[in-house]
file protein_38.pdb (PDB, C-alpha atoms, pLDDT in the B column)
ATOM      1  CA  MET A 145     183.360  16.675  28.920  1.00 87.00           C
ATOM      2  CA  VAL A 146     181.052  18.852  30.947  1.00 95.00           C
ATOM      3  CA  THR A 147     182.059  21.363  33.597  1.00 97.00           C
ATOM      4  CA  ASP A 148     180.757  21.365  37.130  1.00 97.00           C
ATOM      5  CA  ALA A 149     178.085  23.905  37.960  1.00 96.00           C
ATOM      6  CA  PRO A 150     179.384  26.917  39.874  1.00 96.00           C
ATOM      7  CA  PRO A 151     179.029  26.536  43.647  1.00 95.00           C
ATOM      8  CA  HIS A 152     176.396  28.591  45.455  1.00 89.00           C
ATOM      9  CA  ASN A 153     178.603  29.506  48.418  1.00 90.00           C
ATOM     10  CA  SER A 154     181.736  31.393  49.371  1.00 91.00           C
ATOM     11  CA  ASN A 155     183.832  29.258  46.999  1.00 94.00           C
ATOM     12  CA  ILE A 156     182.460  31.018  43.909  1.00 96.00           C
ATOM     13  CA  ALA A 157     185.494  33.343  43.656  1.00 95.00           C
ATOM     14  CA  ALA A 158     187.899  30.361  43.695  1.00 96.00           C
ATOM     15  CA  TYR A 159     185.715  28.552  41.150  1.00 97.00           C
ATOM     16  CA  ARG A 160     185.926  31.573  38.837  1.00 97.00           C
ATOM     17  CA  ARG A 161     189.719  31.743  39.320  1.00 97.00           C
ATOM     18  CA  SER A 162     189.939  28.082  38.321  1.00 98.00           C
ATOM     19  CA  ASP A 163     187.731  28.721  35.313  1.00 98.00           C
ATOM     20  CA  GLN A 164     189.901  31.664  34.209  1.00 97.00           C
ATOM     21  CA  THR A 165     193.247  29.893  34.787  1.00 97.00           C
ATOM     22  CA  ALA A 166     193.455  28.258  31.380  1.00 96.00           C
ATOM     23  CA  THR A 167     197.232  27.991  31.040  1.00 96.00           C
ATOM     24  CA  LEU A 168     199.784  25.817  32.759  1.00 97.00           C
ATOM     25  CA  ASP A 169     203.540  26.298  32.704  1.00 97.00           C
ATOM     26  CA  LEU A 170     205.219  23.325  31.074  1.00 98.00           C
ATOM     27  CA  PRO A 171     208.778  22.032  31.372  1.00 97.00           C
ATOM     28  CA  ASP A 172     211.107  23.086  28.565  1.00 96.00           C
ATOM     29  CA  ASN A 173     212.658  19.624  28.372  1.00 97.00           C
ATOM     30  CA  ASP A 174     211.507  16.164  27.315  1.00 97.00           C
ATOM     31  CA  ALA A 175     211.647  14.498  30.742  1.00 98.00           C
ATOM     32  CA  LEU A 176     207.888  13.958  31.057  1.00 98.00           C
ATOM     33  CA  ARG A 177     207.667  12.866  27.413  1.00 98.00           C
ATOM     34  CA  VAL A 178     210.356  10.215  27.962  1.00 98.00           C
ATOM     35  CA  ILE A 179     208.599   8.914  31.066  1.00 98.00           C
ATOM     36  CA  ALA A 180     205.230   8.902  29.264  1.00 98.00           C
ATOM     37  CA  LYS A 181     206.811   6.720  26.550  1.00 98.00           C
ATOM     38  CA  ALA A 182     207.923   4.314  29.298  1.00 98.00           C
ATOM     39  CA  ILE A 183     204.320   4.200  30.553  1.00 98.00           C
ATOM     40  CA  GLU A 184     203.187   3.378  27.010  1.00 98.00           C
ATOM     41  CA  SER A 185     205.783   0.615  26.620  1.00 98.00           C
ATOM     42  CA  ALA A 186     204.844  -0.971  29.943  1.00 98.00           C
ATOM     43  CA  MET A 187     201.164  -0.834  29.008  1.00 97.00           C
ATOM     44  CA  LYS A 188     201.832  -2.506  25.650  1.00 97.00           C
ATOM     45  CA  ALA A 189     203.726  -5.245  27.491  1.00 97.00           C
ATOM     46  CA  ASP A 190     200.844  -5.522  30.009  1.00 96.00           C
ATOM     47  CA  GLN A 191     203.283  -4.933  32.893  1.00 97.00           C
ATOM     48  CA  ILE A 192     201.336  -3.264  35.691  1.00 96.00           C
ATOM     49  CA  ALA A 193     204.466  -2.965  37.886  1.00 97.00           C
ATOM     50  CA  GLY A 194     206.264  -1.143  35.061  1.00 98.00           C
ATOM     51  CA  VAL A 195     203.305   1.178  34.560  1.00 98.00           C
ATOM     52  CA  ARG A 196     203.247   1.903  38.295  1.00 98.00           C
ATOM     53  CA  ARG A 197     207.009   2.617  38.406  1.00 98.00           C
ATOM     54  CA  SER A 198     206.816   4.931  35.394  1.00 98.00           C
ATOM     55  CA  CYS A 199     203.769   6.746  36.779  1.00 98.00           C
ATOM     56  CA  SER A 200     205.616   7.262  40.087  1.00 98.00           C
ATOM     57  CA  GLU A 201     208.604   8.665  38.209  1.00 98.00           C
ATOM     58  CA  PHE A 202     206.306  10.987  36.224  1.00 98.00           C
ATOM     59  CA  LEU A 203     204.794  12.283  39.471  1.00 98.00           C
ATOM     60  CA  LYS A 204     208.237  12.813  41.001  1.00 98.00           C
ATOM     61  CA  VAL A 205     209.498  14.839  38.024  1.00 98.00           C
ATOM     62  CA  ALA A 206     206.238  16.793  37.611  1.00 98.00           C
ATOM     63  CA  SER A 207     206.038  17.575  41.337  1.00 98.00           C
ATOM     64  CA  GLN A 208     209.618  18.859  41.301  1.00 98.00           C
ATOM     65  CA  PHE A 209     208.897  21.052  38.277  1.00 98.00           C
ATOM     66  CA  TYR A 210     205.718  22.516  39.810  1.00 98.00           C
ATOM     67  CA  GLN A 211     207.341  22.738  43.245  1.00 98.00           C
ATOM     68  CA  VAL A 212     204.547  20.868  44.991  1.00 98.00           C
ATOM     69  CA  PRO A 213     204.615  17.930  47.403  1.00 98.00           C
ATOM     70  CA  GLU A 214     204.733  14.587  45.647  1.00 97.00           C
ATOM     71  CA  CYS A 215     201.652  12.445  45.541  1.00 97.00           C
ATOM     72  CA  ASN A 216     201.430   8.685  45.282  1.00 98.00           C
ATOM     73  CA  VAL A 217     199.824   6.563  42.612  1.00 98.00           C
ATOM     74  CA  ARG A 218     198.032   3.238  42.586  1.00 98.00           C
ATOM     75  CA  VAL A 219     197.671   1.594  39.195  1.00 98.00           C
ATOM     76  CA  LEU A 220     194.754  -0.803  39.445  1.00 96.00           C
ATOM     77  CA  THR A 221     193.385  -3.467  37.135  1.00 93.00           C
ATOM     78  CA  ALA A 222     189.802  -3.348  35.770  1.00 88.00           C
ATOM     79  CA  ARG A 223     187.817  -0.125  36.114  1.00 89.00           C
ATOM     80  CA  PRO A 224     184.903  -0.185  38.524  1.00 83.00           C
ATOM     81  CA  LEU A 225     181.592  -0.440  36.694  1.00 80.00           C
ATOM     82  CA  ARG A 226     178.376   0.887  38.188  1.00 79.00           C
ATOM     83  CA  VAL A 227     175.189  -0.296  36.495  1.00 77.00           C
ATOM     84  CA  ARG A 228     171.780   1.165  37.210  1.00 76.00           C
ATOM     85  CA  GLU A 229     168.465   0.740  35.455  1.00 80.00           C
ATOM     86  CA  GLN A 230     168.909   3.761  33.178  1.00 78.00           C
ATOM     87  CA  TRP A 231     172.694   4.228  33.036  1.00 74.00           C
ATOM     88  CA  THR A 232     176.142   2.707  33.395  1.00 76.00           C
ATOM     89  CA  THR A 233     179.342   4.466  34.455  1.00 81.00           C
ATOM     90  CA  GLU A 234     182.996   3.500  34.634  1.00 85.00           C
ATOM     91  CA  LEU A 235     185.564   5.114  36.894  1.00 89.00           C
ATOM     92  CA  PHE A 236     188.787   5.851  34.982  1.00 93.00           C
ATOM     93  CA  GLY A 237     190.683   7.494  37.846  1.00 96.00           C
ATOM     94  CA  ASP A 238     190.372   9.621  40.941  1.00 97.00           C
ATOM     95  CA  TYR A 239     192.379  11.756  43.348  1.00 98.00           C
ATOM     96  CA  ASP A 240     192.178  11.848  47.143  1.00 97.00           C
ATOM     97  CA  PRO A 241     193.524  15.229  48.332  1.00 97.00           C
ATOM     98  CA  GLU A 242     193.826  14.161  51.980  1.00 97.00           C
ATOM     99  CA  ALA A 243     195.899  11.084  51.148  1.00 98.00           C
ATOM    100  CA  ARG A 244     197.563  12.804  48.149  1.00 98.00           C
ATOM    101  CA  LEU A 245     196.811   9.668  46.164  1.00 98.00           C
ATOM    102  CA  ILE A 246     195.981   9.189  42.498  1.00 98.00           C
ATOM    103  CA  ARG A 247     194.259   5.975  41.467  1.00 97.00           C
ATOM    104  CA  VAL A 248     194.095   5.015  37.785  1.00 98.00           C
ATOM    105  CA  TRP A 249     192.692   1.864  36.246  1.00 95.00           C
ATOM    106  CA  MET A 250     194.621   0.094  33.510  1.00 96.00           C
ATOM    107  CA  ARG A 251     191.926  -2.235  32.160  1.00 94.00           C
ATOM    108  CA  THR A 252     188.471  -1.714  30.711  1.00 91.00           C
ATOM    109  CA  ALA A 253     185.516  -2.551  32.922  1.00 87.00           C
ATOM    110  CA  VAL A 254     183.702  -5.121  30.797  1.00 86.00           C
ATOM    111  CA  ARG A 255     186.235  -6.884  28.573  1.00 91.00           C
ATOM    112  CA  LYS A 256     189.177  -6.367  30.958  1.00 93.00           C
ATOM    113  CA  ASP A 257     191.434  -5.321  28.050  1.00 94.00           C
ATOM    114  CA  VAL A 258     194.360  -2.996  28.643  1.00 95.00           C
ATOM    115  CA  THR A 259     192.951   0.467  28.072  1.00 95.00           C
ATOM    116  CA  SER A 260     194.291   2.681  25.314  1.00 96.00           C
ATOM    117  CA  TYR A 261     197.455   4.558  26.156  1.00 98.00           C
ATOM    118  CA  GLY A 262     195.867   7.904  25.245  1.00 97.00           C
ATOM    119  CA  THR A 263     192.920   7.337  27.580  1.00 97.00           C
ATOM    120  CA  PHE A 264     195.184   6.207  30.415  1.00 98.00           C
ATOM    121  CA  LEU A 265     197.634   9.114  30.041  1.00 98.00           C
ATOM    122  CA  SER A 266     194.787  11.632  29.743  1.00 98.00           C
ATOM    123  CA  THR A 267     193.208  10.303  32.940  1.00 98.00           C
ATOM    124  CA  PHE A 268     196.559  10.300  34.743  1.00 98.00           C
ATOM    125  CA  CYS A 269     197.299  13.925  33.747  1.00 98.00           C
ATOM    126  CA  HIS A 270     193.740  14.911  34.703  1.00 98.00           C
ATOM    127  CA  GLU A 271     194.177  13.459  38.194  1.00 98.00           C
ATOM    128  CA  PHE A 272     197.583  15.124  38.615  1.00 98.00           C
ATOM    129  CA  CYS A 273     195.935  18.452  37.748  1.00 98.00           C
ATOM    130  CA  HIS A 274     193.540  17.878  40.672  1.00 98.00           C
ATOM    131  CA  HIS A 275     196.675  17.543  42.835  1.00 98.00           C
ATOM    132  CA  LEU A 276     197.962  20.841  41.415  1.00 98.00           C
ATOM    133  CA  ASP A 277     194.648  22.559  42.148  1.00 98.00           C
ATOM    134  CA  TYR A 278     195.015  21.794  45.852  1.00 98.00           C
ATOM    135  CA  THR A 279     198.782  22.149  46.270  1.00 98.00           C
ATOM    136  CA  LYS A 280     199.892  24.771  43.729  1.00 97.00           C
ATOM    137  CA  PHE A 281     196.812  26.904  43.117  1.00 97.00           C
ATOM    138  CA  GLY A 282     195.403  26.570  46.646  1.00 96.00           C
ATOM    139  CA  PHE A 283     191.813  26.004  45.550  1.00 96.00           C
ATOM    140  CA  PRO A 284     189.513  24.784  48.359  1.00 95.00           C
ATOM    141  CA  ASP A 285     188.099  22.255  45.879  1.00 96.00           C
ATOM    142  CA  SER A 286     189.183  21.018  42.465  1.00 97.00           C
ATOM    143  CA  TRP A 287     186.276  21.717  40.168  1.00 97.00           C
ATOM    144  CA  HIS A 288     185.951  20.588  36.577  1.00 98.00           C
ATOM    145  CA  THR A 289     185.995  24.087  35.085  1.00 98.00           C
ATOM    146  CA  ARG A 290     186.924  25.146  31.567  1.00 98.00           C
ATOM    147  CA  GLY A 291     190.266  26.265  32.963  1.00 98.00           C
ATOM    148  CA  PHE A 292     190.817  22.898  34.634  1.00 98.00           C
ATOM    149  CA  PHE A 293     190.183  21.007  31.398  1.00 98.00           C
ATOM    150  CA  GLU A 294     192.493  23.407  29.519  1.00 97.00           C
ATOM    151  CA  ARG A 295     195.285  22.848  32.086  1.00 98.00           C
ATOM    152  CA  ALA A 296     194.852  19.068  31.978  1.00 98.00           C
ATOM    153  CA  ALA A 297     194.907  19.122  28.159  1.00 97.00           C
ATOM    154  CA  ALA A 298     198.106  21.190  28.157  1.00 98.00           C
ATOM    155  CA  LEU A 299     199.873  18.696  30.430  1.00 98.00           C
ATOM    156  CA  TYR A 300     198.565  15.716  28.427  1.00 98.00           C
ATOM    157  CA  HIS A 301     199.676  17.085  25.060  1.00 98.00           C
ATOM    158  CA  HIS A 302     203.064  18.095  26.462  1.00 98.00           C
ATOM    159  CA  ALA A 303     203.610  14.598  27.925  1.00 98.00           C
ATOM    160  CA  ARG A 304     202.392  12.898  24.774  1.00 97.00           C
ATOM    161  CA  GLY A 305     204.361  15.190  22.471  1.00 97.00           C
ATOM    162  CA  THR A 306     201.305  16.116  20.427  1.00 96.00           C
ATOM    163  CA  PRO A 307     200.118  19.586  19.412  1.00 94.00           C
ATOM    164  CA  GLN A 308     197.623  21.079  21.807  1.00 92.00           C
ATOM    165  CA  LYS A 309     194.129  21.580  20.432  1.00 89.00           C
ATOM    166  CA  HIS A 310     192.171  24.747  21.048  1.00 91.00           C
ATOM    167  CA  LEU A 311     189.074  23.677  22.987  1.00 95.00           C
ATOM    168  CA  PHE A 312     185.793  25.247  21.918  1.00 96.00           C
ATOM    169  CA  TRP A 313     183.119  25.550  24.593  1.00 97.00           C
ATOM    170  CA  VAL A 314     179.320  25.679  24.379  1.00 97.00           C
ATOM    171  CA  PRO A 315     177.212  26.902  27.315  1.00 97.00           C
ATOM    172  CA  ILE A 316     174.595  24.527  28.672  1.00 97.00           C
ATOM    173  CA  SER A 317     172.260  24.793  31.675  1.00 94.00           C
ATOM    174  CA  ASN A 318     173.048  25.997  35.215  1.00 94.00           C
ATOM    175  CA  GLY A 319     176.284  27.825  34.375  1.00 95.00           C
ATOM    176  CA  ARG A 320     177.866  24.671  32.962  1.00 97.00           C
ATOM    177  CA  TRP A 321     179.787  24.243  29.714  1.00 98.00           C
ATOM    178  CA  ARG A 322     180.581  21.348  27.404  1.00 97.00           C
ATOM    179  CA  ILE A 323     183.307  20.923  24.817  1.00 96.00           C
ATOM    180  CA  ASP A 324     182.154  21.265  21.215  1.00 95.00           C
ATOM    181  CA  TRP A 325     184.109  18.251  19.937  1.00 94.00           C
ATOM    182  CA  PRO A 326     183.241  18.626  16.226  1.00 94.00           C
ATOM    183  CA  LYS A 327     184.464  22.244  16.205  1.00 94.00           C
ATOM    184  CA  THR A 328     187.507  21.379  18.357  1.00 93.00           C
ATOM    185  CA  THR A 329     188.439  18.500  16.050  1.00 90.00           C
ATOM    186  CA  ARG A 330     187.926  20.538  12.858  1.00 89.00           C
ATOM    187  CA  SER A 331     190.194  23.315  14.120  1.00 81.00           C
ATOM    188  CA  ALA A 332     193.058  20.893  14.802  1.00 71.00           C
TER
END
call {"tool": "encode", "arguments": {"input": "protein_38.pdb", "output": "structure tokens"}}
result
Amino acid sequence: MVTDAPPHNSNIAAYRRSDQTATLDLPDNDALRVIAKAIESAMKADQIAGVRRSCSEFLKVASQFYQVPECNVRVLTARPLRVREQWTTELFGDYDPEARLIRVWMRTAVRKDVTSYGTFLSTFCHEFCHHLDYTKFGFPDSWHTRGFFERAAALYHHARGTPQKHLFWVPISNGRWRIDWPKTTRSA
């Protein structure tokens, strides 16, 4: 994961606030964990309607906890695949702030297999954190900052019921950062 470069306009202060907001309050109950297990069960059974229902319930409970307007979710089949001469990309999920809509894809782009539960849940939590950036934190944009990735990881690990890893960051060009996965993995 690589952060976005800092903007070169009046949004730089908000970008820095996002970068420095590395914590996220988490519910002190198991409600999201129980719903996440239902998502996993529906995925294992290849039941897209069940995944969609459970994702909607997750968003309802999470939105109530964070005291933000609810957003909607569309659970779609195979990920879009974009192929160019030098590269290929897959879209795992996205968030439309105007429509307050999360889209997540349940199947891999090439083989059309049901994606791994961990990848799906991570993407889903990531997209919900974009919703929080706009509705709770009031950011004019939802940048991929170190703080954003830390917040998304906190929500993911809470929902999955796994210990949160400390993320180690390495600076790269243009004010961007990347996660040092070997160091992050060793420290867990």
call {"tool": "residues_around", "arguments": {"input": "protein_38.pdb", "residues": "segment 282-293 of chain A", "least_positions_apart": "6", "cutoff": "8 Å", "atoms": "only C-alpha atoms", "output": "PyMOL selection string"}}
result
chain A and resi 146-148+155+158-159+162-167+270+273-274+313+321
call {"tool": "closest_atom_pairs", "arguments": {"input": "protein_38.pdb", "of": "segment 201-246 of chain A", "to": "segment 181-197 of chain A", "cutoff": "7 Å", "atoms": "all atoms listed in the file", "output": "tab-separated table"}}
result
residue	atom	partner	partner_atom	distance
A:Glu201	CA	A:Arg197	CA	6.3
A:Arg218	CA	A:Arg196	CA	6.9
A:Val219	CA	A:Arg196	CA	5.7
call {"tool": "residues_around", "arguments": {"input": "protein_38.pdb", "residues": "segment 258-269 of chain A", "least_positions_apart": "2", "cutoff": "6 Å", "atoms": "all atoms listed in the file", "output": "ChimeraX atom specification"}}
result
/A:184,250-252,271-272,296,300
call {"tool": "write_last_selection", "arguments": {"input": "protein_38.pdb", "atoms": "C-alpha atoms", "output": "PDB file, keeping the file's coordinate frame"}}
result
ATOM      1  CA  GLU A 184     203.187   3.378  27.010  1.00 98.00           C
ATOM      2  CA  MET A 250     194.621   0.094  33.510  1.00 96.00           C
ATOM      3  CA  ARG A 251     191.926  -2.235  32.160  1.00 94.00           C
ATOM      4  CA  THR A 252     188.471  -1.714  30.711  1.00 91.00           C
ATOM      5  CA  GLU A 271     194.177  13.459  38.194  1.00 98.00           C
ATOM      6  CA  PHE A 272     197.583  15.124  38.615  1.00 98.00           C
ATOM      7  CA  ALA A 296     194.852  19.068  31.978  1.00 98.00           C
ATOM      8  CA  TYR A 300     198.565  15.716  28.427  1.00 98.00           C
TER       9      TYR A 300
END
call {"tool": "resolve_selection", "arguments": {"input": "protein_38.pdb", "expression": "the PyMOL selection byres ((chain A and resi 177) around 8)", "output": "ChimeraX atom specification"}}
result
/A:174-176,178-181,302-305
call {"tool": "closest_residue", "arguments": {"input": "protein_38.pdb", "among": "A:Leu276, A:Ile246, A:Ala149, A:Val254", "to": "Arg223 of chain A", "atoms": "only C-alpha atoms"}}
result
A:Val254
call {"tool": "resolve_selection", "arguments": {"input": "protein_38.pdb", "expression": "the PyMOL selection byres ((chain A and resi 310) around 9)", "output": "list of chain:residue names"}}
result
A:Glu294, A:Gln308, A:Lys309, A:Leu311, A:Phe312, A:Thr328, A:Thr329, A:Ser331, A:Ala332
call {"tool": "atom_distance", "arguments": {"input": "protein_38.pdb", "atom1": "atom CA of Arg228 of chain A", "atom2": "atom CA of Arg255 of chain A"}}
result
18.7 Å
call {"tool": "atom_distance", "arguments": {"input": "protein_38.pdb", "atom1": "atom CA of Leu225 of chain A", "atom2": "atom CA of Asp240 of chain A"}}
result
19.3 Å
call {"tool": "resolve_selection", "arguments": {"input": "protein_38.pdb", "expression": "the PyMOL selection byres ((chain A and resi 248) around 6)", "output": "list in words"}}
result
Val219, Gly237, Arg247 and Trp249 of chain A
call {"tool": "write_last_selection", "arguments": {"input": "protein_38.pdb", "atoms": "C-alpha atoms", "output": "PDB file, in the coordinates of the input"}}
result
ATOM      1  CA  VAL A 219     197.671   1.594  39.195  1.00 98.00           C
ATOM      2  CA  GLY A 237     190.683   7.494  37.846  1.00 96.00           C
ATOM      3  CA  ARG A 247     194.259   5.975  41.467  1.00 97.00           C
ATOM      4  CA  TRP A 249     192.692   1.864  36.246  1.00 95.00           C
TER       5      TRP A 249
END
call {"tool": "atom_distance", "arguments": {"input": "protein_38.pdb", "atom1": "atom CA of Val217 of chain A", "atom2": "atom CA of Lys280 of chain A"}}
result
18.2 Å
call {"tool": "axis_aligned_box", "arguments": {"input": "protein_38.pdb", "around": "segment 205-213 of chain A", "padding_each_side": "4 Å", "output": "lines of an AutoDock Vina configuration file"}}
result
center_x = 207.1
center_y = 18.8
center_z = 42.5
size_x = 13.1
size_y = 15.9
size_z = 17.8
call {"tool": "closest_residue", "arguments": {"input": "protein_38.pdb", "among": "A:Arg322, A:Asp277, A:Pro307, A:Phe202", "to": "Arg295 of chain A", "atoms": "all atoms listed in the file"}}
result
A:Asp277
call {"tool": "closest_residue", "arguments": {"input": "protein_38.pdb", "among": "A:Ala253, A:Val227, A:Ala206, A:Ile156", "to": "Gly319 of chain A", "atoms": "all atoms listed in the file"}}
result
A:Ile156
call {"tool": "closest_residue", "arguments": {"input": "protein_38.pdb", "among": "A:Thr221, A:Asn153, A:Thr233, A:Gln208", "to": "Asp257 of chain A", "atoms": "all atoms listed in the file"}}
result
A:Thr221
